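Trainee: Dumping the structure here so I can ask a few things about it.
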There are 2 protein chains.
Amino acid sequence: MSKYHKITLTENEIPEYWYNIVADMPNKPLPPLHPGTHEPIGPDALAPLFPMALIQQEVSQERWIGIPEEVRDVYKLWRPTPLYRAHNLEKALDTPAKIYYKYEGVSPAGSHKPNTAVPQAYYNKQEGVSRITTETGAGQWGSALSFACQYFGIRCEIYMVKISYEQKPYRKLMMNTWGADVYPSPSNRTQAGRQILAADPDSPGSLGIAISEAVEVAAANDDTKYSLGSVLNHVLMHQTVIGQEALLQMEKAGDLPDVVIAPFGGGSNFAGLSFPFLRLNLTEGKKIRFLASEPTSAPKLTRGVFRYDFGDTIGMTPLLPMYTLGHTFVPAKIHAGGLRYHGAGVIVSQLLRDKLIEAEAIDQIESFEAGVLFARTEGIIPAPEANHAIASAVREANRAKEAGVSRTILFNLCGHGHFDMGAYEAYFAGHLQRHELSQAEIDDAIAKIDTPAIPA
Amino acid sequence: MSKYHKITLTENEIPEYWYNIVADMPNKPLPPLHPGTHEPIGPDALAPLFPMALIQQEVSQERWIGIPEEVRDVYKLWRPTPLYRAHNLEKALDTPAKIYYKYEGVSPAGSHKPNTAVPQAYYNKQEGVSRITTETGAGQWGSALSFACQYFGIRCEIYMVKISYEQKPYRKLMMNTWGADVYPSPSNRTQAGRQILAADPDSPGSLGIAISEAVEVAAANDDTKYSLGSVLNHVLMHQTVIGQEALLQMEKAGDLPDVVIAPFGGGSNFAGLSFPFLRLNLTEGKKIRFLASEPTSAPKLTRGVFRYDFGDTIGMTPLLPMYTLGHTFVPAKIHAGGLRYHGAGVIVSQLLRDKLIEAEAIDQIESFEAGVLFARTEGIIPAPEANHAIASAVREANRAKEAGVSRTILFNLCGHGHFDMGAYEAYFAGHLQRHELSQAEIDDAIAKIDTPAIPA
């Protein structure tokens, strides 16, 4: 048996369809509500922000949605991605568990994000859109959309959380290299930005604020649409190429996971790997466990509430039924590990509510410990987001060892950490702190939520 | 026809042998000389610096040398690497030429360097070595050796050119993440370093100085050996896994290159891709052209002399017959593009002397222009070193267009630029300058060479 065991696929094994889990959900997602009237909204209400093809995907109940050949052509640049058996990590943990990981860091942008950036840019191009706006935090999403827009010849305008803009100039340069315009958010370019800056000229920004800016620009310009890198149904669906490939690769390895683990920010990373496996539970009676791994600094799944909430800080987006810490929630500045968003995608929230998936929160120290162990055993330096899933996989492997049973673990190594070495530097220097929100902080955040309660 | 065309191989198509071109060279390399006596030296003279298995490879005339199974196991983490047809670049250039590239940036360290770092660490481990010293400039080699030493449980001590140590903290952190100790060179840890610092306390360092430090430490300690990332015969040979895979991939594509292009620093990048193709010229009468692409700032192949010279600045290494600008040559500080070494490997030098390969020098502005065009068409942000080969490929494609003929071009995309965004920033900001050495500068550098002339 070789130390590394890489299961590869050929170009013609790239999936031809995205998997839409809504078709198989026992309880369908609740409808989005108009931010003003609180009435359910239809697809037309989203037309100022998204091209019609993506809106149709957002509300679709079809199980399989064909991937356009032009999109599969671009996927071929880095897909199919490899799936590995982590023999060396297993050995270091002295565990009877088998650990597999799917590696999405081989994409040009270094993460799973291009899986949805490419189709989003494609459908916008098809409908004559000439500019796309978006937000980015740590920069993975902005990089991916810049790459995709460059490919299809669309202008890309990115509002980058100001503190990241200042701390991560190389992520910004990567976006510039792919031709995008990048602005620190809050900016003076939008009403939303000016409103925030008037209240706090030194605001470090947040994803919610950057979304407000990007949405405002798209809504105000006919030639411009908006693009989101997670949370929404169509975004989660595009990512299912990950899990479909992984399922085929696990079959080739002659194995099936007992537990599937992925980092959790807005849900696309988790959904991408897990939904094609969750289908086996929903339609074939399999009993695979699904574990979303979120940071203790932004614990919406484990400590948030299931409520209608805005996607942005200012309150411009439709209201979505989600596990949330409140749309004004901003993680503490000491948090280095990504996955900062205040809410969870609608589908993933409904699945958690229905106990079809599980969640756990990982402290950033534990996440970096796991990430460094991984780098030193498996060779790949993971993105801080991925470190959460690695930490959860290590927990599972240790539990298997304690119980003296084998267990097959699969996790999503969603990206590499080449642009995150500053966070590793802080970890090595002992500058990271453990961070768990107090119950008072959680209560306070939740008390600020002023949006409609979920109907009984 | 799809836009991207990626030719992949399976794990069992990773080469089982390294190719030693010495067996097929019409004129064998001249012997190395003792630095003091100027007499030819035998393998034993290298024993203080290298394990015997590598010394045997260094002097071997065997055509094929088996790759140990333990090394192939580690190769499997990222090999086989993909080979692409660059349809989008071709379209942007409006050329009848077909352009292919082999992509080595998928390795954990992001370049081709682990292809030799892994076997070097392996053979050292086999012979009980507990510490390896080396030098690194921009950091690609140091990263690769850190990764390999971590894997085999060997300590790794790296002398990093001081100006890079200060300008590229994330490369240093990458090495630290893999457990290496990294020191800025010149350092106070060695006589060589102290000698340089006494003459110039503000010395920015150079590869030649860092080699002197690493060699000194290895020579003075029984448990410690030295490792070099290019130039030497065994290093070039280890890299031939690149070209062997590429040859198989070109066969699968139903094509054979008319010209093979690679960046040229010390020769391992170029040798790795080209030697398995050059074998077809030497043994089957094929007429493939081979083009080494070096920077105008360090033009040893196009403007240097063929002489015996030292590998390091202080003059501690054996004398090697090479194209060189003199072992005290240091590229101008304005040079951003890597490939700074003063000399060329012995084998590559002999091949150039025998007109079996060609070379051309590329200005850094032209190289970054080509790299940005590549990033915007093919999606991958290249390492600055790789940009030289891309620029040469663009020249070839343009010549094909002018001549109105098709031509098949293959080049080595030896690494990604994720740790080199500072150089891209300088390029975008207009801070890079064209840089061609004057004839007086070349004459002056060559006049300083005080080592033995090549025998007639």
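Residues are referred to by chain and number: the chain letter is A, B, ... according to the order shown in the structure tokens, the number counts from 1 in that chain, and ligands are numbered separately from 1 in the order shown.
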Run DSSP on the backbone of this structure and report the residues of segment 71-101 of chain A it assigns to strand (DSSP E), as a PyMOL selection string.

Mentor: chain A and resi 83-85+98-101

Trainee: Any chance you could export the current selection's all heavy atoms as a JSON list (two decimals), in the first residue's frame?

Mentor:
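Everything below was put into again_8.json:
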```
[["chain", "number", "residue", "atom", "x", "y", "z"],
["A", 83, "LEU", "N", -9.00, 13.35, -4.93],
["A", 83, "LEU", "CA", -9.41, 12.92, -3.59],
["A", 83, "LEU", "C", -8.29, 12.05, -3.03],
["A", 83, "LEU", "O", -7.77, 11.19, -3.73],
["A", 83, "LEU", "CB", -10.73, 12.13, -3.66],
["A", 83, "LEU", "CG", -11.29, 11.68, -2.31],
["A", 83, "LEU", "CD1", -12.82, 11.87, -2.28],
["A", 83, "LEU", "CD2", -10.97, 10.22, -2.00],
["A", 84, "TYR", "N", -7.91, 12.32, -1.79],
["A", 84, "TYR", "CA", -6.78, 11.63, -1.18],
["A", 84, "TYR", "C", -7.20, 10.81, 0.04],
["A", 84, "TYR", "O", -8.09, 11.22, 0.79],
["A", 84, "TYR", "CB", -5.74, 12.64, -0.65],
["A", 84, "TYR", "CG", -5.00, 13.41, -1.71],
["A", 84, "TYR", "CD1", -5.43, 14.68, -2.10],
["A", 84, "TYR", "CD2", -3.86, 12.89, -2.29],
["A", 84, "TYR", "CE1", -4.73, 15.41, -3.05],
["A", 84, "TYR", "CE2", -3.16, 13.62, -3.24],
["A", 84, "TYR", "CZ", -3.59, 14.87, -3.62],
["A", 84, "TYR", "OH", -2.91, 15.58, -4.55],
["A", 85, "ARG", "N", -6.52, 9.70, 0.22],
["A", 85, "ARG", "CA", -6.52, 9.02, 1.51],
["A", 85, "ARG", "C", -5.36, 9.59, 2.33],
["A", 85, "ARG", "O", -4.22, 9.59, 1.88],
["A", 85, "ARG", "CB", -6.34, 7.50, 1.30],
["A", 85, "ARG", "CG", -6.09, 6.70, 2.56],
["A", 85, "ARG", "CD", -7.38, 6.27, 3.23],
["A", 85, "ARG", "NE", -7.09, 5.56, 4.48],
["A", 85, "ARG", "CZ", -6.95, 4.23, 4.58],
["A", 85, "ARG", "NH1", -7.13, 3.47, 3.51],
["A", 85, "ARG", "NH2", -6.66, 3.67, 5.74],
["A", 98, "LYS", "N", -10.25, 5.67, 8.91],
["A", 98, "LYS", "CA", -9.74, 5.99, 7.58],
["A", 98, "LYS", "C", -10.16, 7.42, 7.26],
["A", 98, "LYS", "O", -11.35, 7.75, 7.37],
["A", 98, "LYS", "CB", -10.30, 5.02, 6.54],
["A", 98, "LYS", "CG", -9.77, 3.60, 6.70],
["A", 98, "LYS", "CD", -10.22, 2.71, 5.55],
["A", 98, "LYS", "CE", -11.64, 2.22, 5.77],
["A", 98, "LYS", "NZ", -12.07, 1.28, 4.72],
["A", 99, "ILE", "N", -9.20, 8.24, 6.88],
["A", 99, "ILE", "CA", -9.50, 9.65, 6.61],
["A", 99, "ILE", "C", -9.25, 9.94, 5.14],
["A", 99, "ILE", "O", -8.15, 9.69, 4.62],
["A", 99, "ILE", "CB", -8.64, 10.59, 7.48],
["A", 99, "ILE", "CG1", -8.78, 10.23, 8.97],
["A", 99, "ILE", "CG2", -9.01, 12.04, 7.22],
["A", 99, "ILE", "CD1", -7.89, 11.05, 9.89],
["A", 100, "TYR", "N", -10.25, 10.46, 4.47],
["A", 100, "TYR", "CA", -10.13, 10.90, 3.08],
["A", 100, "TYR", "C", -10.39, 12.40, 3.01],
["A", 100, "TYR", "O", -11.14, 12.94, 3.83],
["A", 100, "TYR", "CB", -11.16, 10.22, 2.18],
["A", 100, "TYR", "CG", -11.00, 8.72, 2.01],
["A", 100, "TYR", "CD1", -11.55, 7.83, 2.92],
["A", 100, "TYR", "CD2", -10.32, 8.21, 0.90],
["A", 100, "TYR", "CE1", -11.42, 6.46, 2.75],
["A", 100, "TYR", "CE2", -10.19, 6.84, 0.72],
["A", 100, "TYR", "CZ", -10.74, 5.96, 1.64],
["A", 100, "TYR", "OH", -10.62, 4.61, 1.47],
["A", 101, "TYR", "N", -9.77, 13.04, 2.04],
["A", 101, "TYR", "CA", -10.13, 14.45, 1.81],
["A", 101, "TYR", "C", -10.20, 14.76, 0.33],
["A", 101, "TYR", "O", -9.44, 14.23, -0.47],
["A", 101, "TYR", "CB", -9.17, 15.41, 2.53],
["A", 101, "TYR", "CG", -7.73, 15.35, 2.13],
["A", 101, "TYR", "CD1", -7.20, 16.21, 1.17],
["A", 101, "TYR", "CD2", -6.86, 14.44, 2.73],
["A", 101, "TYR", "CE1", -5.86, 16.16, 0.81],
["A", 101, "TYR", "CE2", -5.52, 14.39, 2.38],
["A", 101, "TYR", "CZ", -5.03, 15.24, 1.43],
["A", 101, "TYR", "OH", -3.69, 15.19, 1.08]]
```

Trainee: With 9 Å as the cut-off and only C-alpha atoms counted, what is the closest atom pair between each nearby residue of chain B and chain A? Distances in Å to one decimal, ordered by chain and number, as CSV.

Mentor:
```
residue,atom,partner,partner_atom,distance
B:Ser2,CA,A:Asp73,CA,5.6
B:Lys3,CA,A:Asp73,CA,5.7
B:Tyr4,CA,A:Asp73,CA,5.9
B:His5,CA,A:Lys76,CA,7.2
B:Lys6,CA,A:Lys76,CA,6.8
B:Ile7,CA,A:Glu11,CA,8.5
B:Thr8,CA,A:Thr10,CA,7.1
B:Leu9,CA,A:Thr10,CA,8.6
B:Thr10,CA,A:Thr8,CA,7.1
B:Glu11,CA,A:Lys6,CA,7.6
B:Glu69,CA,A:Ser2,CA,8.4
B:Glu70,CA,A:Ser2,CA,8.1
B:Arg72,CA,A:Ser2,CA,8.7
B:Asp73,CA,A:Ser2,CA,5.6
B:Val74,CA,A:Tyr4,CA,6.6
B:Tyr75,CA,A:Tyr4,CA,8.6
B:Lys76,CA,A:Tyr4,CA,6.1
B:Leu77,CA,A:Tyr4,CA,6.0
B:Trp78,CA,A:Lys6,CA,8.6
B:Tyr84,CA,A:Leu77,CA,8.2
B:Val106,CA,A:Val106,CA,6.6
B:Ser107,CA,A:Ile380,CA,8.5
B:Pro108,CA,A:Ile380,CA,5.2
B:Ala109,CA,A:Ile380,CA,8.1
B:Phe147,CA,A:Gly379,CA,6.6
B:Ala148,CA,A:Gly379,CA,8.7
B:Gln150,CA,A:Arg376,CA,6.5
B:Tyr151,CA,A:Thr377,CA,6.9
B:Pro169,CA,A:Met421,CA,8.7
B:Tyr170,CA,A:Met421,CA,5.7
B:Arg171,CA,A:Met421,CA,8.5
B:Leu173,CA,A:Glu425,CA,6.6
B:Met174,CA,A:Met421,CA,7.2
B:Asn176,CA,A:Phe428,CA,8.9
B:Thr177,CA,A:Val372,CA,6.6
B:Trp178,CA,A:Arg376,CA,5.6
B:Gly179,CA,A:Arg376,CA,7.7
B:Val372,CA,A:Thr177,CA,6.6
B:Ala375,CA,A:Trp178,CA,6.8
B:Arg376,CA,A:Trp178,CA,5.6
B:Thr377,CA,A:Tyr151,CA,6.9
B:Glu378,CA,A:Leu77,CA,8.2
B:Gly379,CA,A:Pro108,CA,5.9
B:Ile380,CA,A:Pro108,CA,5.2
B:Ile381,CA,A:Pro108,CA,7.4
B:His418,CA,A:His418,CA,6.4
B:Phe419,CA,A:His418,CA,7.1
B:Asp420,CA,A:Tyr170,CA,8.7
B:Met421,CA,A:Tyr170,CA,5.6
B:Gly422,CA,A:Tyr170,CA,7.2
B:Tyr424,CA,A:Leu173,CA,7.6
B:Glu425,CA,A:Leu173,CA,6.6
B:Phe428,CA,A:Thr177,CA,8.6
```

Trainee: Would you mind listing what lies within 12 Å of Asp309 of chain B as a VMD selection string, with only C-alpha atoms counted and same-chain residues fewer than 2 positions away left out?

Mentor: chain B and resid 32 to 35 38 208 304 to 307 311 to 329 342 to 346 446 448 to 454

Trainee: Between atom CA of Asn124 of chain B and atom CA of Ser268 of chain B, what is the spacing in Å?

Mentor: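 One can read the atom CA of Ser268 of chain B to atom CA of Asn124 of chain B distance as 19.9 Å.
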
Trainee: Write out as JSON, numbers by chain each polymer residue whose atoms come within 6 Å of Pro276 of chain A, counting only C-alpha atoms; drop sequence neighbours fewer than 3 positions from it.

Mentor: {"A": [243, 244, 279]}

Trainee: With C-alpha atoms kept, could you save the residues just selected as a short mmCIF file (atom, residue, chain, number, x, y, z; two decimals), in the first residue's frame?

Mentor:
```
data_model
loop_
_atom_site.label_atom_id
_atom_site.label_comp_id
_atom_site.auth_asym_id
_atom_site.auth_seq_id
_atom_site.Cartn_x
_atom_site.Cartn_y
_atom_site.Cartn_z
CA GLY A 243 -19.55 15.88 -3.82
CA GLN A 244 -20.55 14.15 -7.03
CA ARG A 279 -29.04 12.24 -1.23
#
```

Trainee: Find the spatial neighbours of segment 189-200 of chain B, counting only C-alpha atoms, within a cut-off of 6 Å - ignore same-chain residues fewer than 3 positions away - and output them as JSON, numbers by chain.

Mentor: {"B": [186, 203, 213]}

Trainee: Based on DSSP run over this structure's backbone, return all residues of segment 217-293 of chain B in helix (DSSP H, G or I), as an MDAnalysis selection string.

Mentor: chainID B and resid 217:220 233:238 240:252 268:284

Trainee: Quick one: pull the distance between atom CA of Glu216 of chain B and atom CA of Gly265 of chain B, Å, one decimal.

Mentor: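 Distance reported for this atom pair: 23.0 Å.
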
Trainee: Nearest to Gly66 of chain A among A:Ser367, A:Asn20, A:Ser227, A:Ser349, with distances taken over only C-alpha atoms: which residue is it?

Mentor: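 Selected residue with least distance to Gly66 of chain A: A:Asn20.
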
Trainee: Find the residue from A:Leu301, A:Val59, A:Met25, A:Leu89 that sits nearest to Leu278 of chain A; use only C-alpha atoms when measuring.

Mentor: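 For Leu278 of chain A, the nearest of the candidates is A:Met25.
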